[in-house]
Amino acid sequence: MARCRYTEQWIRISLFVVALLFVGGGGAVGQVPAPESVLGFEPGADYEMADYDQLTRYYQQLSAASDRVTMKSIGTTVEGRSMKLLFISSADNLDNLDRWREISATLSRARISEEKAQQLSQQGKAVVWVDAGLHSTERAPGQAMPKLAHRLATEESAEAQKIRENTILLLMPVMNPDGLDIVENWYDRVLDTPYETSDPPWLYHEYVGHDNNRDWFMNNMPETRAVTNVIFNEWYPQIVVNHHQTAPEWARIFIPPFTGPVNPDIHPGVVSGVNQVGTAMGQRFAMKNMPGVVSNDSYTMFWNGGMRTAPYFHNQIGILTEVAHETPTPRHYEPDSLPSHVGERNPTDGTALFYTDPWKGGESHFMDAVHYTNTASMGVLDVAADRPQQFLYNIYKMGRDAIEAGESGDPYAYVIPPEQWNPGEAHTLVNILRQGGIEVDRATESFDAGGTTYPEGSFVVSAAQAFRPFVMDLLEPQNYPTRRSASGEPETPYDLAGWTLPMQMGVTVDRVNESFEVQVQAVTDSVAPAPGTVRGTADFGYALSHRPNASVKAVNALLADGETVYWAQEGLSAGGTDFGNGAIVVEGAPGTGDHVEALADEHGLDVQGLAGRPDGPLHQLQPPRIGIYKSWVPSMDEGWTRWILENYDVPVDTLHDADVRTGDLSKYTAIILPHHYSSDLLLNGHDEETMPAEYVGGLGLPGAIALEQYVMSGGTVVAFDEASTFAIEQFGLPVEDVTEGLPSSEFFIPGSLIRTHVNTEHPLGYGMQDTVAAAFSRSRAFEAVRQDKMGEGGREDTKLPEPPPVEVVARYAENDLLMSGWAMGERKHIGGEAALLRVQEGEGSVVLFGFRPQFRGQPRGTYKLLFNALHAATIEDLPRVGRVTADPFAAD
């Protein structure tokens, strides 16, 4: 808890007043504690923050004292904290929660008649979800929730009674408990120092930091899965309110309506519902004379994957607020410094349609943010309580429209056949869909659809379901509209432009437009590949395919237990199976057979016994030991990478600046440089006087030299995206980024999927499909630097130097690059250029990824490029494949 700046006398007086206010009263009000009586300060007070234990203790006491509040645990965080959800309504409503949940679910799934829907809409209660604290450095919303909960539990106004009678509030007061404690502890540490308003020098989540609001269709994190289960599989709220804290400068709060574009998969009723609720919120602020409320700025309704955007594809009204003043430390805004505009398009003279009451500056306090956040929540609850039947019926109607659209075909369904390049990822995709509330069936016999015969066991995803928008959005390519400013510059999308899951995951999903008959069984639990088999005589050992991502777990387990594992350089066939390039060979030893059988069973891997040593070269792997650089300027890419490595049992150590500069790097088989905001931040880190001294600076010249010496002595550095620029510049590699310096008006790819061809004969391409989707987000493309053979306009026919030590592992396609999203100038500027290189440097190698193969844990179809790079780093005699020529006019 941050140091309290209130005097003991003030606290005694406050608690005495609180006791007078809440003694007696009967019913729900009697003995209900006010937040300050438990926390020791009023939420929103200057220089004060409550940690998770304090807040949880308050909510426990509130729910124990009031029959209008119930609290339950819905999951466990990465660090083991219990995630608490409050239900707030009338006592009678809380006694019948199962009934209200059943009505909400039935209407949302929309598989009832119109008459029944009308009946249930009249009987039910509007379900409203309100959450706070997802982004932990956005401090105020999470601190505001005790006041909101207390008000709704105790206030006897007509409005409060109406809300309790007509709505069920699902209040998630802290979405990121781990992050709250990280940020509160940091604020406590830096209070009364020059760094009082700084953010922690590490992620406010063990793995993903700010990207915990980018995980809402993949559900990689346990916190996301817990909430997703409640809102898409249990309660189906009609309105979802997601509180944040990044208002445009000089505004007090952002609320809907949003700006364009709108994703065409979203039902128009969702859009109009968002506008309706946002307008009601704005009206409340206006009538309470609370200025500085802005709308129609920055935030759109196109991207899926956020806490307030994924609900759109479930026919739910997603509301975002972004309140100002994110720190408990007060600020002063000089009135004569009022800017001409707030945000991108709203003048501050009172003439803007979406900024009619500008805030003029002056004193700003944490309490202001608390009041604005709770006023927004009350505005939503008030309109929901006024129109519960409308919101209940509308979610049914939108679901019914989706079902009828699917029944008419185009598409009718999607089929996921069992024959897959990487079968495990097909099962992962099915689990992702099911977690998001999608109905998935499994064929119990073979069937014909769209001119193809599919075997028993195929998964069928009907388009005739209430959440059809979610199905379509995840399985179909995105086509983001071209949007330019008046000057011709592209308007950057909010977050991503393309994210199609089958493309990212390398899973075959067939769209079927015409109706077909099939006998199915509903998938009601998580699915996984069937246990694998071990066949054939194993006098020498065993072979397994390099294709499945799960083979990485098997290899790491075998290496950790001292087994001898190889990559077969040439194609390997055994037992009637072609294992392709890079087949994994395990040499037999006492106990190896039992180990292999256990892994095959656990991971669904089919293994073939080998009677003799395979023909052709075998390259022995050693146990990897990976170091990953972790800057004091937090990188979400570092966290995602670490999460993936741990999930695949790759041993990994964190390396901070001092570890790189002065540590023994030779013990690592590879060192990863994650994508960062800029190569300059990798080099220089935080500026002097912006953070405590121990967190200032970056790798610096000594760190860059240490990394280069590590490579020259035989180590491998793997660099992602922006970090590749750092490696090229600091190591002097004979490579250039062909996109560097290009204006966005000429070349622009903002978070899209780009067709990429992989050299599957290269060791880093073993097990890969020859064409994959690269997650390209303002990313890079490379070419080798070669001697210029042009002089004064003419070509010089002189002796060629030695070829540069550059191998091309993958190239962006020459044509038809865009698979999903939005791209401008892609063919001209990156068509045919290198996407992934391995560059020899001394005795070692630098692997340069122009894109991020592990971006947010989504592109599972390119994970193996990373794993291959890490395993290849353990092989002493790895062949050089795909080396570029020295001739600048020759095709590589």
# chains A, B, ... in the order shown; residues from 1 in each chain; ligands from 1
$ closest_atom_pairs --of "region 364-434 of chain A" --to "region 119-122 of chain A" --cutoff "8 Å" --atoms "only C-alpha atoms" --output "Markdown table"
| residue | atom | partner | partner_atom | distance |
| --- | --- | --- | --- | --- |
| A:Pro388 | CA | A:Ser121 | CA | 7.7 |
| A:Gln389 | CA | A:Ser121 | CA | 4.9 |
| A:Gln390 | CA | A:Ser121 | CA | 7.6 |
| A:Leu392 | CA | A:Ser121 | CA | 5.3 |
| A:Tyr393 | CA | A:Ser121 | CA | 5.4 |
$ write_last_selection --atoms "N, CA, C and O atoms" --output "PDB file, in the first residue's frame"
ATOM      1  N   PRO A 388     -34.560  -3.080 -20.278  1.00  0.00           N
ATOM      2  CA  PRO A 388     -34.044  -4.466 -20.236  1.00  0.00           C
ATOM      3  C   PRO A 388     -34.656  -5.348 -21.310  1.00  0.00           C
ATOM      4  O   PRO A 388     -33.952  -6.183 -21.907  1.00  0.00           O
ATOM      5  N   GLN A 389     -35.945  -5.182 -21.573  1.00  0.00           N
ATOM      6  CA  GLN A 389     -36.586  -6.025 -22.577  1.00  0.00           C
ATOM      7  C   GLN A 389     -36.000  -5.781 -23.964  1.00  0.00           C
ATOM      8  O   GLN A 389     -35.812  -6.723 -24.746  1.00  0.00           O
ATOM      9  N   GLN A 390     -35.690  -4.524 -24.258  1.00  0.00           N
ATOM     10  CA  GLN A 390     -35.100  -4.210 -25.562  1.00  0.00           C
ATOM     11  C   GLN A 390     -33.759  -4.897 -25.747  1.00  0.00           C
ATOM     12  O   GLN A 390     -33.499  -5.527 -26.781  1.00  0.00           O
ATOM     13  N   LEU A 392     -32.513  -7.488 -24.161  1.00  0.00           N
ATOM     14  CA  LEU A 392     -32.656  -8.940 -24.191  1.00  0.00           C
ATOM     15  C   LEU A 392     -33.208  -9.421 -25.526  1.00  0.00           C
ATOM     16  O   LEU A 392     -32.704 -10.393 -26.112  1.00  0.00           O
ATOM     17  N   TYR A 393     -34.235  -8.756 -26.011  1.00  0.00           N
ATOM     18  CA  TYR A 393     -34.822  -9.188 -27.280  1.00  0.00           C
ATOM     19  C   TYR A 393     -33.851  -8.937 -28.437  1.00  0.00           C
ATOM     20  O   TYR A 393     -33.728  -9.773 -29.345  1.00  0.00           O
TER      21      TYR A 393
END
$ residues_around --residues "region 141-158 of chain A" --least-positions-apart "6" --cutoff "9 Å" --atoms "only C-alpha atoms" --output "MDAnalysis selection string"
chainID A and resid 28:30 32:35 42:44 49:50 55 58:59 62 66:69 86 88:90 131:134 164 171:175 180 243:245 323 326 367 369:371 373:374 377:378
$ residues_around --residues "Val509 (chain A)" --least-positions-apart "6" --cutoff "8 Å" --atoms "only C-alpha atoms" --output "list in words"
Tyr414, Val415, Ile416, Pro417, Leu475 and Pro502 of chain A
$ select_by_dssp --residues "region 340-383 of chain A" --states "helix (DSSP H, G or I)" --output "JSON, numbers by chain"
{"A": [366, 367, 368, 369, 370, 371, 372, 373, 374, 375, 376, 377, 378, 379, 380, 381, 382, 383]}
$ write_last_selection --atoms "C-alpha atoms" --output "PDB file, in the first residue's frame"
ATOM      1  CA  PHE A 366      -6.986  11.014  -9.327  1.00  0.00           C
ATOM      2  CA  MET A 367     -10.441  11.425  -7.797  1.00  0.00           C
ATOM      3  CA  ASP A 368     -11.615  13.082 -11.005  1.00  0.00           C
ATOM      4  CA  ALA A 369     -10.807   9.904 -12.906  1.00  0.00           C
ATOM      5  CA  VAL A 370     -12.667   7.848 -10.304  1.00  0.00           C
ATOM      6  CA  HIS A 371     -15.756  10.048 -10.604  1.00  0.00           C
ATOM      7  CA  TYR A 372     -15.720  10.024 -14.423  1.00  0.00           C
ATOM      8  CA  THR A 373     -15.284   6.243 -14.538  1.00  0.00           C
ATOM      9  CA  ASN A 374     -18.181   5.621 -12.179  1.00  0.00           C
ATOM     10  CA  THR A 375     -20.391   8.185 -13.889  1.00  0.00           C
ATOM     11  CA  ALA A 376     -19.838   6.310 -17.146  1.00  0.00           C
ATOM     12  CA  SER A 377     -20.764   3.018 -15.458  1.00  0.00           C
ATOM     13  CA  MET A 378     -23.925   4.512 -13.994  1.00  0.00           C
ATOM     14  CA  GLY A 379     -24.888   5.876 -17.394  1.00  0.00           C
ATOM     15  CA  VAL A 380     -24.705   2.392 -18.873  1.00  0.00           C
ATOM     16  CA  LEU A 381     -26.583   0.779 -16.007  1.00  0.00           C
ATOM     17  CA  ASP A 382     -29.296   3.415 -16.130  1.00  0.00           C
ATOM     18  CA  VAL A 383     -30.080   2.874 -19.821  1.00  0.00           C
TER      19      VAL A 383
END
$ residues_around --residues "Leu558 (chain A)" --least-positions-apart "5" --cutoff "9 Å" --atoms "only C-alpha atoms" --output "MDAnalysis selection string"
chainID A and resid 553 563:565 586 592 595:596 599 623
$ residues_around --residues "Gly179 (chain A)" --least-positions-apart "4" --cutoff "7 Å" --atoms "only C-alpha atoms" --output "count of residues only"
4
$ residues_around --residues "Ser635 (chain A)" --least-positions-apart "6" --cutoff "8 Å" --atoms "only C-alpha atoms" --output "NGL selection string"
:A and (203 or 674-677)
$ closest_residue --among "A:Arg434, A:Ala140, A:Arg189, A:Met290" --to "Thr228 (chain A)" --atoms "only C-alpha atoms"
A:Arg434
$ closest_residue --among "A:Arg511, A:Arg109, A:His656, A:His546" --to "Gly451 (chain A)" --atoms "only C-alpha atoms"
A:Arg511
$ closest_atom_pairs --of "region 203-228 of chain A" --to "region 645-651 of chain A" --cutoff "12 Å" --atoms "only C-alpha atoms" --output "tab-separated table"
residue	atom	partner	partner_atom	distance
A:Tyr207	CA	A:Glu646	CA	10.6
A:Asn220	CA	A:Asn647	CA	10.8
A:Met221	CA	A:Asn647	CA	11.7
$ write_last_selection --atoms "C-alpha atoms" --output "PDB file, in the first residue's frame"
ATOM      1  CA  TYR A 207       4.135 -12.585 -20.046  1.00  0.00           C
ATOM      2  CA  ASN A 220      -3.705 -17.935 -24.536  1.00  0.00           C
ATOM      3  CA  MET A 221      -3.614 -16.483 -21.023  1.00  0.00           C
TER       4      MET A 221
END
$ select_by_dssp --residues "region 411-646 of chain A" --states "strand (DSSP E)" --output "PyMOL selection string"
chain A and resi 413-416+441-443+447-449+452-454+459-462+510-512+520-522+534-535+541-544+564-568+572-574+577-580+584-587+607-610+618-620+626-629
$ atom_distance --atom1 "CA of Glu425 (chain A)" --atom2 "CA of Thr76 (chain A)"
25.3 Å
$ atom_distance --atom1 "CA of Glu587 (chain A)" --atom2 "CA of Phe540 (chain A)"
6.0 Å
$ atom_distance --atom1 "CA of Tyr766 (chain A)" --atom2 "CA of Trp567 (chain A)"
9.1 Å
$ decode --residues "region 500-514 of chain A" --atoms "all heavy atoms" --output "compact mmCIF listing (two decimals), in the first residue's frame"
# COMPACT_ATOMS: atom_id res chain seq x y z
N THR A 500 -6.70 -13.72 -39.83
CA THR A 500 -7.39 -14.97 -40.16
C THR A 500 -6.66 -16.18 -39.56
O THR A 500 -5.51 -16.45 -39.87
CB THR A 500 -7.48 -15.12 -41.68
OG1 THR A 500 -8.00 -13.90 -42.22
CG2 THR A 500 -8.38 -16.29 -42.05
N LEU A 501 -7.36 -16.93 -38.71
CA LEU A 501 -6.69 -17.97 -37.93
C LEU A 501 -6.21 -19.16 -38.74
O LEU A 501 -5.09 -19.65 -38.52
CB LEU A 501 -7.59 -18.43 -36.79
CG LEU A 501 -7.72 -17.44 -35.63
CD1 LEU A 501 -8.44 -18.09 -34.45
CD2 LEU A 501 -6.36 -16.92 -35.18
N PRO A 502 -6.99 -19.72 -39.68
CA PRO A 502 -6.43 -20.85 -40.44
C PRO A 502 -5.13 -20.49 -41.16
O PRO A 502 -4.22 -21.32 -41.24
CB PRO A 502 -7.55 -21.20 -41.42
CG PRO A 502 -8.80 -20.73 -40.76
CD PRO A 502 -8.41 -19.49 -40.02
N MET A 503 -5.04 -19.27 -41.65
CA MET A 503 -3.80 -18.84 -42.30
C MET A 503 -2.66 -18.76 -41.31
O MET A 503 -1.55 -19.26 -41.57
CB MET A 503 -4.01 -17.47 -42.95
CG MET A 503 -5.02 -17.45 -44.08
SD MET A 503 -5.23 -15.77 -44.70
CE MET A 503 -6.45 -16.06 -46.00
N GLN A 504 -2.89 -18.13 -40.16
CA GLN A 504 -1.83 -17.98 -39.18
C GLN A 504 -1.39 -19.33 -38.61
O GLN A 504 -0.20 -19.52 -38.30
CB GLN A 504 -2.31 -17.11 -38.02
CG GLN A 504 -2.53 -15.66 -38.34
CD GLN A 504 -2.49 -14.81 -37.09
OE1 GLN A 504 -1.43 -14.59 -36.51
NE2 GLN A 504 -3.65 -14.35 -36.65
N MET A 505 -2.33 -20.25 -38.46
CA MET A 505 -2.04 -21.50 -37.78
C MET A 505 -1.65 -22.62 -38.73
O MET A 505 -1.27 -23.71 -38.28
CB MET A 505 -3.25 -21.91 -36.94
CG MET A 505 -3.61 -20.87 -35.88
SD MET A 505 -5.10 -21.31 -34.95
CE MET A 505 -4.49 -22.68 -33.98
N GLY A 506 -1.75 -22.37 -40.04
CA GLY A 506 -1.39 -23.40 -41.01
C GLY A 506 -2.36 -24.56 -41.02
O GLY A 506 -1.97 -25.71 -41.26
N VAL A 507 -3.64 -24.27 -40.78
CA VAL A 507 -4.68 -25.30 -40.72
C VAL A 507 -5.57 -25.21 -41.95
O VAL A 507 -6.01 -24.13 -42.34
CB VAL A 507 -5.52 -25.14 -39.43
CG1 VAL A 507 -6.67 -26.14 -39.41
CG2 VAL A 507 -4.64 -25.30 -38.20
N THR A 508 -5.85 -26.37 -42.55
CA THR A 508 -6.77 -26.42 -43.69
C THR A 508 -8.20 -26.37 -43.18
O THR A 508 -8.62 -27.23 -42.39
CB THR A 508 -6.56 -27.71 -44.50
OG1 THR A 508 -5.22 -27.71 -45.02
CG2 THR A 508 -7.56 -27.79 -45.65
N VAL A 509 -8.93 -25.35 -43.61
CA VAL A 509 -10.35 -25.20 -43.29
C VAL A 509 -11.08 -24.95 -44.60
O VAL A 509 -10.80 -23.97 -45.29
CB VAL A 509 -10.60 -24.05 -42.30
CG1 VAL A 509 -12.10 -23.88 -42.03
CG2 VAL A 509 -9.84 -24.28 -40.99
N ASP A 510 -12.00 -25.83 -44.95
CA ASP A 510 -12.72 -25.73 -46.22
C ASP A 510 -14.06 -25.04 -46.01
O ASP A 510 -14.86 -25.44 -45.17
CB ASP A 510 -12.95 -27.12 -46.81
CG ASP A 510 -11.65 -27.80 -47.21
OD1 ASP A 510 -10.66 -27.09 -47.45
OD2 ASP A 510 -11.63 -29.05 -47.25
N ARG A 511 -14.28 -24.01 -46.80
CA ARG A 511 -15.57 -23.33 -46.80
C ARG A 511 -16.51 -24.08 -47.73
O ARG A 511 -16.16 -24.36 -48.88
CB ARG A 511 -15.40 -21.89 -47.25
CG ARG A 511 -16.70 -21.13 -47.48
CD ARG A 511 -16.44 -19.70 -47.89
NE ARG A 511 -17.67 -19.03 -48.30
CZ ARG A 511 -17.95 -17.77 -48.05
NH1 ARG A 511 -17.09 -17.02 -47.38
NH2 ARG A 511 -19.08 -17.22 -48.48
N VAL A 512 -17.70 -24.39 -47.24
CA VAL A 512 -18.71 -25.08 -48.05
C VAL A 512 -19.93 -24.16 -48.13
O VAL A 512 -20.53 -23.83 -47.10
CB VAL A 512 -19.10 -26.43 -47.43
CG1 VAL A 512 -20.13 -27.13 -48.31
CG2 VAL A 512 -17.86 -27.31 -47.24
N ASN A 513 -20.30 -23.78 -49.35
CA ASN A 513 -21.38 -22.82 -49.53
C ASN A 513 -22.76 -23.47 -49.61
O ASN A 513 -23.76 -22.87 -49.23
CB ASN A 513 -21.15 -21.98 -50.78
CG ASN A 513 -19.99 -21.01 -50.59
OD1 ASN A 513 -19.71 -20.57 -49.48
ND2 ASN A 513 -19.30 -20.69 -51.68
N GLU A 514 -22.82 -24.72 -50.13
CA GLU A 514 -24.11 -25.37 -50.32
C GLU A 514 -24.41 -26.28 -49.11
O GLU A 514 -23.52 -26.81 -48.46
CB GLU A 514 -24.11 -26.22 -51.60
CG GLU A 514 -23.80 -25.42 -52.87
CD GLU A 514 -22.32 -25.19 -53.07
OE1 GLU A 514 -21.51 -25.92 -52.45
OE2 GLU A 514 -21.96 -24.26 -53.83
